[in-house]
$ cat upload08.cif   # mmCIF, C-alpha atoms
data_final
loop_
_atom_site.group_PDB
_atom_site.id
_atom_site.type_symbol
_atom_site.label_atom_id
_atom_site.label_comp_id
_atom_site.auth_asym_id
_atom_site.auth_seq_id
_atom_site.Cartn_x
_atom_site.Cartn_y
_atom_site.Cartn_z
ATOM 1 C CA GLN A 1 3.449 11.155 -17.381
ATOM 2 C CA LYS A 2 3.372 8.937 -14.321
ATOM 3 C CA GLU A 3 2.012 10.644 -11.245
ATOM 4 C CA VAL A 4 4.573 9.208 -8.839
ATOM 5 C CA GLU A 5 7.943 8.143 -10.176
ATOM 6 C CA GLN A 6 10.698 6.139 -8.612
ATOM 7 C CA ASN A 7 13.861 4.628 -9.985
ATOM 8 C CA SER A 8 13.187 0.909 -10.081
ATOM 9 C CA GLY A 9 16.775 0.037 -9.191
ATOM 10 C CA PRO A 10 18.149 -2.206 -7.997
ATOM 11 C CA LEU A 11 20.048 0.144 -5.742
ATOM 12 C CA SER A 12 22.967 -1.683 -4.234
ATOM 13 C CA VAL A 13 24.838 -0.324 -1.209
ATOM 14 C CA PRO A 14 27.377 -1.871 1.167
ATOM 15 C CA GLU A 15 26.420 -2.571 4.743
ATOM 16 C CA GLY A 16 26.834 0.505 6.910
ATOM 17 C CA ALA A 17 26.452 2.960 4.040
ATOM 18 C CA ILE A 18 23.690 5.493 3.509
ATOM 19 C CA ALA A 19 20.992 4.445 1.065
ATOM 20 C CA SER A 20 19.217 7.282 -0.711
ATOM 21 C CA LEU A 21 15.850 6.647 -2.321
ATOM 22 C CA ASN A 22 14.103 9.288 -4.385
ATOM 23 C CA CYS A 23 10.571 9.918 -5.529
ATOM 24 C CA THR A 24 9.010 12.657 -7.655
ATOM 25 C CA TYR A 25 5.350 13.481 -8.003
ATOM 26 C CA SER A 26 3.337 15.435 -10.506
ATOM 27 C CA ASP A 27 0.412 16.834 -8.497
ATOM 28 C CA ARG A 28 1.718 20.123 -7.167
ATOM 29 C CA VAL A 29 -1.003 20.464 -4.510
ATOM 30 C CA SER A 30 -0.261 17.115 -2.860
ATOM 31 C CA GLN A 31 0.025 17.378 0.909
ATOM 32 C CA SER A 32 0.624 13.888 2.259
ATOM 33 C CA PHE A 33 3.582 11.652 1.481
ATOM 34 C CA PHE A 34 4.457 8.188 2.677
ATOM 35 C CA TRP A 35 7.269 5.676 2.439
ATOM 36 C CA TYR A 36 6.543 1.982 2.731
ATOM 37 C CA ARG A 37 8.849 -1.001 2.821
ATOM 38 C CA GLN A 38 7.798 -4.275 1.242
ATOM 39 C CA TYR A 39 9.721 -7.479 1.677
ATOM 40 C CA SER A 40 9.297 -10.120 -0.992
ATOM 41 C CA GLY A 41 6.044 -11.986 -0.487
ATOM 42 C CA LYS A 42 4.885 -9.683 2.306
ATOM 43 C CA SER A 43 2.527 -6.750 2.504
ATOM 44 C CA PRO A 44 3.779 -3.163 2.668
ATOM 45 C CA GLU A 45 4.627 -1.686 6.036
ATOM 46 C CA LEU A 46 4.677 2.010 6.767
ATOM 47 C CA ILE A 47 8.069 3.543 7.481
ATOM 48 C CA MET A 48 7.458 7.271 7.421
ATOM 49 C CA SER A 49 4.802 9.892 6.835
ATOM 50 C CA ILE A 50 5.791 13.434 5.968
ATOM 51 C CA TYR A 51 3.581 16.433 5.395
ATOM 52 C CA SER A 52 5.782 19.528 5.655
ATOM 53 C CA ASN A 53 8.842 20.710 3.795
ATOM 54 C CA GLY A 54 12.129 19.713 5.339
ATOM 55 C CA ASP A 55 13.471 16.656 7.077
ATOM 56 C CA LYS A 56 11.779 14.210 9.395
ATOM 57 C CA GLU A 57 13.898 11.707 11.243
ATOM 58 C CA ASP A 58 12.910 8.423 12.844
ATOM 59 C CA GLY A 59 15.774 6.256 13.990
ATOM 60 C CA ARG A 60 17.940 5.380 11.002
ATOM 61 C CA PHE A 61 15.373 6.759 8.579
ATOM 62 C CA THR A 62 15.074 10.340 7.386
ATOM 63 C CA ALA A 63 12.396 11.524 5.008
ATOM 64 C CA GLN A 64 12.973 14.737 3.101
ATOM 65 C CA LEU A 65 10.243 16.720 1.387
ATOM 66 C CA ASN A 66 10.659 19.545 -1.093
ATOM 67 C CA LYS A 67 7.271 20.657 -2.370
ATOM 68 C CA ALA A 68 8.701 23.353 -4.637
ATOM 69 C CA SER A 69 10.704 20.736 -6.527
ATOM 70 C CA GLN A 70 8.045 18.077 -6.048
ATOM 71 C CA TYR A 71 10.239 15.393 -4.662
ATOM 72 C CA VAL A 72 10.393 13.339 -1.540
ATOM 73 C CA SER A 73 13.313 11.175 -0.530
ATOM 74 C CA LEU A 74 14.164 8.568 2.060
ATOM 75 C CA LEU A 75 17.608 8.185 3.562
ATOM 76 C CA ILE A 76 18.572 5.051 5.410
ATOM 77 C CA ARG A 77 21.671 5.456 7.562
ATOM 78 C CA ASP A 78 23.882 2.572 8.603
ATOM 79 C CA SER A 79 22.158 0.293 6.108
ATOM 80 C CA GLN A 80 21.737 -3.299 7.177
ATOM 81 C CA PRO A 81 21.148 -6.429 5.084
ATOM 82 C CA SER A 82 17.723 -6.593 6.697
ATOM 83 C CA ASP A 83 16.904 -3.314 4.949
ATOM 84 C CA SER A 84 17.010 -5.133 1.617
ATOM 85 C CA ALA A 85 13.485 -4.742 0.270
ATOM 86 C CA THR A 86 11.400 -2.741 -2.155
ATOM 87 C CA TYR A 87 10.640 0.780 -1.003
ATOM 88 C CA LEU A 88 7.382 2.296 -2.154
ATOM 89 C CA CYS A 89 6.630 5.984 -2.307
ATOM 90 C CA ALA A 90 2.968 6.967 -2.019
ATOM 91 C CA VAL A 91 1.285 10.340 -2.366
ATOM 92 C CA PHE A 92 -2.184 11.428 -1.407
ATOM 93 C CA PRO A 93 -3.384 14.037 -3.888
ATOM 94 C CA ASN A 94 -5.153 16.899 -2.229
ATOM 95 C CA ALA A 95 -7.600 17.707 -4.959
ATOM 96 C CA GLY A 96 -10.254 15.958 -6.931
ATOM 97 C CA ASN A 97 -13.106 13.679 -6.018
ATOM 98 C CA ASN A 98 -11.196 10.472 -6.586
ATOM 99 C CA ARG A 99 -8.642 10.906 -3.842
ATOM 100 C CA LYS A 100 -6.890 7.584 -3.937
ATOM 101 C CA LEU A 101 -3.390 7.020 -2.706
ATOM 102 C CA ILE A 102 -1.076 7.177 -5.705
ATOM 103 C CA TRP A 103 1.786 4.678 -5.647
ATOM 104 C CA GLY A 104 5.179 4.647 -7.243
ATOM 105 C CA LEU A 105 6.397 1.361 -8.666
ATOM 106 C CA GLY A 106 9.025 1.021 -5.981
ATOM 107 C CA THR A 107 12.802 0.963 -5.736
ATOM 108 C CA SER A 108 14.523 -2.297 -4.981
ATOM 109 C CA LEU A 109 17.300 -1.917 -2.419
ATOM 110 C CA ALA A 110 20.003 -4.489 -1.845
ATOM 111 C CA VAL A 111 22.334 -4.031 1.121
ATOM 112 C CA ASN A 112 25.409 -6.161 0.709
ATOM 113 C CA PRO A 113 27.137 -7.561 3.807
ATOM 114 C CA GLY B 114 -2.013 1.286 17.131
ATOM 115 C CA ALA B 115 -3.692 1.049 13.708
ATOM 116 C CA VAL B 116 -3.512 -2.711 13.388
ATOM 117 C CA VAL B 117 -5.202 -4.388 10.436
ATOM 118 C CA SER B 118 -5.774 -8.115 10.628
ATOM 119 C CA GLN B 119 -6.396 -10.201 7.524
ATOM 120 C CA HIS B 120 -7.483 -13.810 7.377
ATOM 121 C CA PRO B 121 -6.651 -16.296 6.023
ATOM 122 C CA SER B 122 -2.989 -15.722 5.271
ATOM 123 C CA TRP B 123 -3.081 -18.295 2.524
ATOM 124 C CA VAL B 124 -5.681 -20.421 0.818
ATOM 125 C CA ILE B 125 -5.682 -23.058 -1.890
ATOM 126 C CA CYS B 126 -8.943 -23.732 -3.653
ATOM 127 C CA LYS B 127 -10.211 -25.577 -6.669
ATOM 128 C CA SER B 128 -11.267 -23.806 -9.810
ATOM 129 C CA GLY B 129 -14.907 -22.803 -9.690
ATOM 130 C CA THR B 130 -15.173 -22.451 -5.946
ATOM 131 C CA SER B 131 -15.492 -19.228 -3.953
ATOM 132 C CA VAL B 132 -13.126 -17.885 -1.359
ATOM 133 C CA LYS B 133 -13.834 -15.296 1.329
ATOM 134 C CA ILE B 134 -11.110 -13.080 2.770
ATOM 135 C CA GLU B 135 -11.704 -11.077 5.939
ATOM 136 C CA CYS B 136 -10.114 -7.789 6.873
ATOM 137 C CA ARG B 137 -10.504 -6.319 10.350
ATOM 138 C CA SER B 138 -9.342 -3.089 11.912
ATOM 139 C CA LEU B 139 -8.460 -4.166 15.446
ATOM 140 C CA ASP B 140 -7.979 -0.920 17.347
ATOM 141 C CA PHE B 141 -9.733 1.689 15.275
ATOM 142 C CA GLN B 142 -12.860 2.123 13.237
ATOM 143 C CA ALA B 143 -12.534 2.177 9.480
ATOM 144 C CA THR B 144 -15.360 3.606 7.434
ATOM 145 C CA THR B 145 -13.303 2.913 4.360
ATOM 146 C CA MET B 146 -11.064 -0.022 3.547
ATOM 147 C CA PHE B 147 -9.069 -0.672 0.416
ATOM 148 C CA TRP B 148 -8.483 -3.955 -1.353
ATOM 149 C CA TYR B 149 -5.324 -4.422 -3.382
ATOM 150 C CA ARG B 150 -4.006 -7.240 -5.536
ATOM 151 C CA GLN B 151 -0.393 -7.881 -6.352
ATOM 152 C CA PHE B 152 0.961 -10.349 -8.864
ATOM 153 C CA PRO B 153 4.558 -11.588 -8.497
ATOM 154 C CA LYS B 154 7.143 -8.912 -9.145
ATOM 155 C CA GLN B 155 4.460 -6.372 -10.019
ATOM 156 C CA SER B 156 3.208 -3.279 -8.286
ATOM 157 C CA LEU B 157 0.204 -2.936 -6.012
ATOM 158 C CA MET B 158 -3.060 -2.630 -7.893
ATOM 159 C CA LEU B 159 -6.059 -1.098 -6.168
ATOM 160 C CA MET B 160 -9.089 -3.266 -6.838
ATOM 161 C CA ALA B 161 -11.813 -1.509 -4.915
ATOM 162 C CA THR B 162 -12.662 0.839 -2.101
ATOM 163 C CA SER B 163 -14.919 -0.662 0.511
ATOM 164 C CA ASN B 164 -17.348 1.734 2.175
ATOM 165 C CA GLU B 165 -19.124 0.872 5.412
ATOM 166 C CA GLY B 166 -22.845 0.643 4.894
ATOM 167 C CA SER B 167 -22.779 1.293 1.174
ATOM 168 C CA LYS B 168 -21.630 -0.220 -2.077
ATOM 169 C CA ALA B 169 -17.969 -0.632 -2.852
ATOM 170 C CA THR B 170 -16.315 1.426 -5.540
ATOM 171 C CA TYR B 171 -14.479 -0.726 -8.041
ATOM 172 C CA GLU B 172 -11.522 0.283 -10.161
ATOM 173 C CA GLN B 173 -11.753 0.118 -13.901
ATOM 174 C CA GLY B 174 -11.394 -3.417 -15.168
ATOM 175 C CA VAL B 175 -12.294 -5.099 -11.889
ATOM 176 C CA GLU B 176 -15.442 -7.216 -12.135
ATOM 177 C CA LYS B 177 -17.731 -6.346 -9.252
ATOM 178 C CA ASP B 178 -19.737 -9.549 -9.688
ATOM 179 C CA LYS B 179 -16.622 -11.636 -9.389
ATOM 180 C CA PHE B 180 -15.041 -9.807 -6.479
ATOM 181 C CA LEU B 181 -17.831 -9.260 -3.978
ATOM 182 C CA ILE B 182 -17.106 -6.793 -1.214
ATOM 183 C CA ASN B 183 -19.124 -6.420 1.947
ATOM 184 C CA HIS B 184 -18.373 -3.800 4.583
ATOM 185 C CA ALA B 185 -21.060 -4.464 7.126
ATOM 186 C CA SER B 186 -19.428 -2.891 10.175
ATOM 187 C CA LEU B 187 -16.869 -0.241 11.037
ATOM 188 C CA THR B 188 -14.239 -2.894 11.692
ATOM 189 C CA LEU B 189 -14.847 -5.596 9.114
ATOM 190 C CA SER B 190 -14.699 -5.807 5.351
ATOM 191 C CA THR B 191 -14.801 -9.017 3.363
ATOM 192 C CA LEU B 192 -13.729 -9.820 -0.169
ATOM 193 C CA THR B 193 -15.219 -12.896 -1.812
ATOM 194 C CA VAL B 194 -13.621 -14.191 -4.970
ATOM 195 C CA THR B 195 -16.460 -16.006 -6.699
ATOM 196 C CA SER B 196 -15.974 -18.868 -9.153
ATOM 197 C CA ALA B 197 -12.237 -18.571 -8.802
ATOM 198 C CA HIS B 198 -9.993 -19.500 -11.701
ATOM 199 C CA PRO B 199 -6.231 -20.040 -11.853
ATOM 200 C CA GLU B 200 -5.722 -16.535 -13.236
ATOM 201 C CA ASP B 201 -7.174 -15.189 -9.969
ATOM 202 C CA SER B 202 -4.216 -16.631 -8.106
ATOM 203 C CA SER B 203 -2.543 -13.645 -6.536
ATOM 204 C CA PHE B 204 -1.656 -11.854 -3.311
ATOM 205 C CA TYR B 205 -4.677 -9.954 -1.977
ATOM 206 C CA ILE B 206 -4.046 -7.248 0.597
ATOM 207 C CA CYS B 207 -6.494 -5.104 2.494
ATOM 208 C CA SER B 208 -5.740 -1.772 4.099
ATOM 209 C CA ALA B 209 -7.431 0.900 6.161
ATOM 210 C CA ARG B 210 -6.768 4.375 7.486
ATOM 211 C CA VAL B 211 -7.268 6.097 10.781
ATOM 212 C CA LEU B 212 -9.047 9.284 9.880
ATOM 213 C CA LEU B 213 -7.360 12.508 10.943
ATOM 214 C CA THR B 214 -8.987 15.871 11.384
ATOM 215 C CA GLY B 215 -7.677 18.718 9.292
ATOM 216 C CA SER B 216 -6.335 18.708 5.794
ATOM 217 C CA TYR B 217 -3.681 16.042 6.106
ATOM 218 C CA ASN B 218 -4.301 12.451 5.205
ATOM 219 C CA SER B 219 -3.291 9.569 7.375
ATOM 220 C CA PRO B 220 -1.370 6.656 5.865
ATOM 221 C CA LEU B 221 -2.778 3.287 4.937
ATOM 222 C CA HIS B 222 -2.104 0.410 7.261
ATOM 223 C CA PHE B 223 -2.019 -2.984 5.626
ATOM 224 C CA GLY B 224 -3.086 -6.417 6.639
ATOM 225 C CA ASN B 225 -0.601 -9.238 6.187
ATOM 226 C CA GLY B 226 -2.195 -10.275 2.923
ATOM 227 C CA THR B 227 -3.795 -13.453 1.636
ATOM 228 C CA ARG B 228 -2.024 -15.587 -0.905
ATOM 229 C CA LEU B 229 -4.654 -17.265 -3.045
ATOM 230 C CA THR B 230 -3.789 -20.235 -5.201
ATOM 231 C CA VAL B 231 -6.474 -21.616 -7.482
ATOM 232 C CA THR B 232 -5.794 -25.073 -8.849
#
$ encode --input "upload08.cif" --output "structure tokens"
Amino acid sequence: QKEVEQNSGPLSVPEGAIASLNCTYSDRVSQSFFWYRQYSGKSPELIMSIYSNGDKEDGRFTAQLNKASQYVSLLIRDSQPSDSATYLCAVFPNAGNNRKLIWGLGTSLAVNP
Amino acid sequence: GAVVSQHPSWVICKSGTSVKIECRSLDFQATTMFWYRQFPKQSLMLMATSNEGSKATYEQGVEKDKFLINHASLTLSTLTVTSAHPEDSSFYICSARVLLTGSYNSPLHFGNGTRLTVT
């Protein structure tokens, strides 16, 4: 079982719509969750960090965390073509000696004008 | 804040030569830096964890003698690809974290990456 799972997509949404990206994780004691955006040929850039259950909003982006169900999601409101990228979910496990950031494989988002 | 600078952004070298990539944390100190590699259309692969003042920790399958890591200061880590071959051609990305107090973990901040092409 993969530790962090994402639907690879592609997820295609029209411009102006809400894009919903989902991520599930297996380590129940995880405490730190991150969403990154990666454009083709570029390095990942941090969009959101979330640590507590509930919603966290930053501009057009909202991260949602549900630790009981072990999922974290990212909503992008008023999607723009410039949002077209791969979105990576990353989780920092809270236990164990080898505490590396665990990455999902990413969801490809295409926003159509 | 939390800016990571990586240099060079791209390099082309001949097979058999060595290439050094620098990673600097510009506005914070990083006792630990992380080196990733990404092949086209594939996911990020952690190569090694660079520890200031001590030996790097390499992931399984990564040759430590081929990918030399030096983390001599709190703001600089270098990755040297020795005796590069065409199969080493890839996108190499470094990252670092600002350490937080408490139980939460801060995110990784990435450099812009180095695209290595070995001919």
$ residues_around --input "upload08.cif" --residues "Ser73 (chain A)" --least-positions-apart "5" --cutoff "9 Å" --atoms "all atoms listed in the file" --output "compact mmCIF listing (two decimals) with C-alpha atoms, in the coordinates of the input"
# COMPACT_ATOMS: atom_id res chain seq x y z
CA SER A 20 19.22 7.28 -0.71
CA LEU A 21 15.85 6.65 -2.32
CA ASN A 22 14.10 9.29 -4.38
CA CYS A 23 10.57 9.92 -5.53
CA THR A 24 9.01 12.66 -7.66
CA TRP A 35 7.27 5.68 2.44
CA THR A 62 15.07 10.34 7.39
CA ALA A 63 12.40 11.52 5.01
CA GLN A 64 12.97 14.74 3.10
CA LEU A 65 10.24 16.72 1.39
CA ASN A 66 10.66 19.55 -1.09
CA CYS A 89 6.63 5.98 -2.31
$ atom_distance --input "upload08.cif" --atom1 "CA of Ala169 (chain B)" --atom2 "CA of Leu105 (chain A)"
25.1 Å
$ closest_residue --input "upload08.cif" --among "B:Gln173, B:Ala209, B:Val116, B:Arg150" --to "Leu101 (chain A)" --atoms "all atoms listed in the file"
B:Ala209
$ interface_residues --input "upload08.cif" --of "chain B" --to "chain A" --cutoff "12 Å" --atoms "all atoms listed in the file" --output "number ranges by chain"
B: 115-119, 122-123, 145-162, 170-172, 203-210, 213, 215-228
$ closest_residue --input "upload08.cif" --among "B:Lys179, B:His184, B:Lys168, B:His120" --to "Asp201 (chain B)" --atoms "all atoms listed in the file"
B:Lys179
$ atom_distance --input "upload08.cif" --atom1 "CA of Ser12 (chain A)" --atom2 "CA of Gly54 (chain A)"
25.8 Å
$ resolve_selection --input "upload08.cif" --expression "the PyMOL selection byres ((chain A and resi 112) around 7)" --output "ChimeraX atom specification"
/A:13-15,81,110-111,113
$ closest_residue --input "upload08.cif" --among "B:Pro121, B:Pro199, B:Gly174, B:Gly166" --to "Arg137 (chain B)" --atoms "all atoms listed in the file"
B:Pro121
$ atom_distance --input "upload08.cif" --atom1 "CA of Pro10 (chain A)" --atom2 "CA of Ser108 (chain A)"
4.7 Å
$ closest_residue --input "upload08.cif" --among "A:Tyr71, A:Gly9, A:Ile18, A:Glu57" --to "Tyr87 (chain A)" --atoms "all atoms listed in the file"
A:Gly9
$ resolve_selection --input "upload08.cif" --expression "the PyMOL selection byres ((chain B and resi 232) around 9)" --output "ChimeraX atom specification"
/B:125-128,198-199,202,230-231
$ resolve_selection --input "upload08.cif" --expression "the PyMOL selection byres ((chain B and resi 192) around 10)" --output "list in words"
Val132, Lys133, Ile134, Glu135, Cys136, Trp148, Ala161, Ser163, Lys179, Phe180, Leu181, Ile182, Asn183, His184, Ser190, Thr191, Thr193, Val194, Thr195, Tyr205 and Cys207 of chain B
$ write_last_selection --input "upload08.cif" --atoms "C-alpha atoms" --output "tab-separated table (two decimals), keeping the file's coordinate frame"
chain	number	residue	atom	x	y	z
B	132	VAL	CA	-13.13	-17.89	-1.36
B	133	LYS	CA	-13.83	-15.30	1.33
B	134	ILE	CA	-11.11	-13.08	2.77
B	135	GLU	CA	-11.70	-11.08	5.94
B	136	CYS	CA	-10.11	-7.79	6.87
B	148	TRP	CA	-8.48	-3.96	-1.35
B	161	ALA	CA	-11.81	-1.51	-4.92
B	163	SER	CA	-14.92	-0.66	0.51
B	179	LYS	CA	-16.62	-11.64	-9.39
B	180	PHE	CA	-15.04	-9.81	-6.48
B	181	LEU	CA	-17.83	-9.26	-3.98
B	182	ILE	CA	-17.11	-6.79	-1.21
B	183	ASN	CA	-19.12	-6.42	1.95
B	184	HIS	CA	-18.37	-3.80	4.58
B	190	SER	CA	-14.70	-5.81	5.35
B	191	THR	CA	-14.80	-9.02	3.36
B	193	THR	CA	-15.22	-12.90	-1.81
B	194	VAL	CA	-13.62	-14.19	-4.97
B	195	THR	CA	-16.46	-16.01	-6.70
B	205	TYR	CA	-4.68	-9.95	-1.98
B	207	CYS	CA	-6.49	-5.10	2.49
$ axis_aligned_box --input "upload08.cif" --around "region 57-60 of chain A" --padding-each-side "4 Å" --output "JSON"
{"center_x": 15.4, "center_y": 8.5, "center_z": 12.5, "size_x": 13.0, "size_y": 14.3, "size_z": 11.0}
$ closest_residue --input "upload08.cif" --among "A:Ala17, A:Ile47, A:Glu5, A:Arg28" --to "Gln80 (chain A)" --atoms "only C-alpha atoms"
A:Ala17
$ closest_residue --input "upload08.cif" --among "B:Val124, B:Ala197, B:Leu229, B:Leu189" --to "Gln142 (chain B)" --atoms "all atoms listed in the file"
B:Leu189
